[in-house]
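Here is the structure we will look at, set down as structure tokens.
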Amino acid sequence: MEILVLMLLLIIGGLVWYIKKRNEQEAALIARKIESSVELKRTMAMGLCYRFNFPKVKNEKQENVFEKSTNLFIKQVPFEFEEFVAEIMKIKYGGSVITTSKSGDFGVDFEQDREEGLYLGQAKAKKHDLDFSPIALVHSNMIKQGAQGGYVITTSDFTPSAKKYAENLNIELINGVDLVTYWLESMDSKVYELSEEFV
């Protein structure tokens, strides 16, 4: 009887190991395909913009509600994008991250305390390229708060003048493709952490 139980446990353990290994290989293959496809990342950036700016309409009670659509779509508002981005940056660079109040934040959506010091970030779920304005706001707040650096993050891109303006300010400009890359890396990190729990 003990031998039978032991054999069953070995078979179940082997099956669990095989399924886990196969899932990891499939996930790695998908990640490699996504990583190699800029077109797919651009599409994902466009999807993030739509997700965090999902259209709203007035219902019969004159309340703003999300437009009817498939339940497959994730429907969120722009300030939730700030929390989404803050979590990605926390995984990317470590430290602690807090999102600021939704009004009166003077252009700072989140603050990140990293090993090197304070970093300030602004996140914009936009379909048009950003000009220098959000960069100037972050830079001004960096000076006021003595921050080491900053980020301006968008689902779109930056105008040439914005890129020029950001030179030598220690502000990382993260466009939609970069953001998707960071997001995918953060997912890899979570998958790795989960797999470590089962070892």
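If you're wondering about the labels, chains in the structure tokens are A, B, ... by order shown, residues count from 1 in each chain, ligands from 1 in order shown.
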Query raised in the report: Per DSSP on the backbone, what are the strand (DSSP E or B) residues of chain A, as a ChimeraX atom specification?
Result: /A:56-58,64-66,96-99,110-114,117-124,130,149-154,158,171-174
Atoms to include: N, CA and C atoms. Write the selected residues as a short mmCIF file (atom, residue, chain, number, x, y, z; two decimals), in the first residue's frame.
```cif
data_model
loop_
_atom_site.label_atom_id
_atom_site.label_comp_id
_atom_site.auth_asym_id
_atom_site.auth_seq_id
_atom_site.Cartn_x
_atom_site.Cartn_y
_atom_site.Cartn_z
N LYS A 56 -17.37 57.33 -22.45
CA LYS A 56 -18.49 57.40 -21.51
C LYS A 56 -19.67 58.08 -22.19
N VAL A 57 -20.87 57.71 -21.75
CA VAL A 57 -22.11 58.31 -22.24
C VAL A 57 -23.00 58.57 -21.03
N LYS A 58 -24.03 59.36 -21.22
CA LYS A 58 -25.00 59.61 -20.15
C LYS A 58 -26.09 58.56 -20.22
N ASN A 64 -22.80 59.70 -15.89
CA ASN A 64 -21.77 59.26 -16.84
C ASN A 64 -21.47 57.79 -16.59
N VAL A 65 -21.64 56.98 -17.62
CA VAL A 65 -21.35 55.55 -17.53
C VAL A 65 -20.54 55.14 -18.75
N PHE A 66 -19.83 54.03 -18.62
CA PHE A 66 -19.07 53.55 -19.77
C PHE A 66 -20.02 53.15 -20.89
N SER A 96 9.86 52.24 -3.14
CA SER A 96 8.44 52.38 -2.81
C SER A 96 7.84 53.46 -3.70
N VAL A 97 6.58 53.27 -4.06
CA VAL A 97 5.90 54.20 -4.95
C VAL A 97 4.55 54.56 -4.35
N ILE A 98 4.23 55.85 -4.40
CA ILE A 98 2.90 56.30 -4.01
C ILE A 98 2.34 57.17 -5.13
N THR A 99 1.03 57.05 -5.36
CA THR A 99 0.39 57.95 -6.31
C THR A 99 -0.09 59.16 -5.51
N PHE A 110 2.95 60.39 -9.50
CA PHE A 110 3.46 59.44 -8.52
C PHE A 110 4.88 59.81 -8.11
N GLU A 111 5.22 59.40 -6.91
CA GLU A 111 6.56 59.62 -6.37
C GLU A 111 7.16 58.26 -6.07
N GLN A 112 8.42 58.09 -6.46
CA GLN A 112 9.10 56.82 -6.24
C GLN A 112 10.39 57.07 -5.46
N ASP A 113 10.47 56.43 -4.29
CA ASP A 113 11.70 56.48 -3.50
C ASP A 113 12.54 55.28 -3.90
N ARG A 114 13.59 55.55 -4.66
CA ARG A 114 14.52 54.50 -5.07
C ARG A 114 15.77 54.58 -4.21
N GLY A 117 17.42 57.82 -4.55
CA GLY A 117 16.70 59.01 -4.10
C GLY A 117 15.30 59.08 -4.68
N LEU A 118 14.73 60.26 -4.61
CA LEU A 118 13.35 60.50 -5.04
C LEU A 118 13.27 60.70 -6.55
N TYR A 119 12.28 60.06 -7.17
CA TYR A 119 11.97 60.24 -8.60
C TYR A 119 10.50 60.59 -8.71
N LEU A 120 10.20 61.56 -9.57
CA LEU A 120 8.82 62.02 -9.76
C LEU A 120 8.34 61.62 -11.15
N GLY A 121 7.07 61.23 -11.23
CA GLY A 121 6.56 60.77 -12.51
C GLY A 121 5.22 61.37 -12.87
N GLN A 122 5.03 61.52 -14.17
CA GLN A 122 3.74 61.93 -14.70
C GLN A 122 3.35 60.93 -15.77
N ALA A 123 2.10 60.48 -15.73
CA ALA A 123 1.60 59.45 -16.65
C ALA A 123 0.42 60.00 -17.44
N LYS A 124 0.48 59.84 -18.77
CA LYS A 124 -0.57 60.37 -19.64
C LYS A 124 -1.02 59.30 -20.62
N LEU A 130 3.01 63.99 -26.91
CA LEU A 130 3.11 65.01 -25.86
C LEU A 130 4.15 66.06 -26.23
N GLY A 149 15.57 62.51 -10.14
CA GLY A 149 15.18 62.36 -11.53
C GLY A 149 13.67 62.27 -11.66
N GLY A 150 13.26 62.00 -12.90
CA GLY A 150 11.83 61.92 -13.15
C GLY A 150 11.51 61.11 -14.38
N TYR A 151 10.21 60.92 -14.58
CA TYR A 151 9.71 60.20 -15.75
C TYR A 151 8.48 60.94 -16.28
N VAL A 152 8.35 60.93 -17.59
CA VAL A 152 7.09 61.30 -18.22
C VAL A 152 6.74 60.10 -19.10
N ILE A 153 5.57 59.54 -18.83
CA ILE A 153 5.19 58.26 -19.44
C ILE A 153 3.88 58.46 -20.18
N THR A 154 3.82 57.96 -21.40
CA THR A 154 2.61 58.11 -22.20
C THR A 154 2.34 56.86 -23.04
N PHE A 158 6.42 61.40 -28.02
CA PHE A 158 6.78 62.78 -27.70
C PHE A 158 7.13 63.52 -28.98
N ILE A 171 15.29 63.30 -16.93
CA ILE A 171 13.90 62.87 -17.00
C ILE A 171 13.80 61.84 -18.11
N GLU A 172 13.38 60.65 -17.75
CA GLU A 172 13.23 59.57 -18.73
C GLU A 172 11.89 59.73 -19.44
N LEU A 173 11.95 59.81 -20.76
CA LEU A 173 10.73 59.87 -21.56
C LEU A 173 10.39 58.44 -21.99
N ILE A 174 9.23 57.98 -21.59
CA ILE A 174 8.82 56.60 -21.85
C ILE A 174 7.58 56.64 -22.73
#
```
Report task. Determine, counting only C-alpha atoms, which protein, DNA and RNA residues have an atom within 6 Å of an atom of segment 136-144 of chain A; residues of the same chain fewer than 3 positions away are not included. Present the result as a PyMOL selection string. Result -> chain A and resi 107+133+147
Write the residues of the preceding selection, restricted to C-alpha atoms, as a short mmCIF file (atom, residue, chain, number, x, y, z; two decimals), in the first residue's frame.
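For reference, again_28.cif as written:
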```cif
data_model
loop_
_atom_site.label_atom_id
_atom_site.label_comp_id
_atom_site.auth_asym_id
_atom_site.auth_seq_id
_atom_site.Cartn_x
_atom_site.Cartn_y
_atom_site.Cartn_z
CA GLY A 107 1.86 67.74 -12.39
CA SER A 133 4.62 70.89 -20.97
CA ALA A 147 14.43 64.87 -6.62
#
```
Requested in this report: Excluding Gly176 of chain A and any residue of its chain fewer than 5 positions from it, enumerate the residues within 6 Å of it, using only C-alpha atoms, and give them as a PyMOL selection string.
Outcome: chain A and resi 45+154-156
Residues from the last selection, N, CA and C atoms, saved as a PDB file, in the first residue's frame:
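Saved as selection-v2.pdb:
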```
ATOM      1  N   ALA A  45       0.036  49.444 -27.026  1.00  0.00           N
ATOM      2  CA  ALA A  45       0.034  50.821 -26.514  1.00  0.00           C
ATOM      3  C   ALA A  45      -1.283  51.510 -26.876  1.00  0.00           C
ATOM      4  N   THR A 154       3.815  57.958 -21.405  1.00  0.00           N
ATOM      5  CA  THR A 154       2.608  58.110 -22.202  1.00  0.00           C
ATOM      6  C   THR A 154       2.343  56.865 -23.036  1.00  0.00           C
ATOM      7  N   THR A 155       1.096  56.711 -23.440  1.00  0.00           N
ATOM      8  CA  THR A 155       0.746  55.624 -24.360  1.00  0.00           C
ATOM      9  C   THR A 155       1.094  56.016 -25.793  1.00  0.00           C
ATOM     10  N   SER A 156       1.336  57.304 -26.034  1.00  0.00           N
ATOM     11  CA  SER A 156       1.654  57.779 -27.379  1.00  0.00           C
ATOM     12  C   SER A 156       3.167  57.958 -27.513  1.00  0.00           C
TER      13      SER A 156
END
```
**Report entry** Selected residue of minimal separation from Arg42 of chain A among A:Asn23, A:Gln148, A:Asn168, A:Asn175, counting only C-alpha atoms
**Finding:** A:Asn175
Report task. Per DSSP on the backbone, filter segment 63-194 of chain A down to the residues in alpha helix (DSSP H) and report them as a count of residues only. Result -> 55
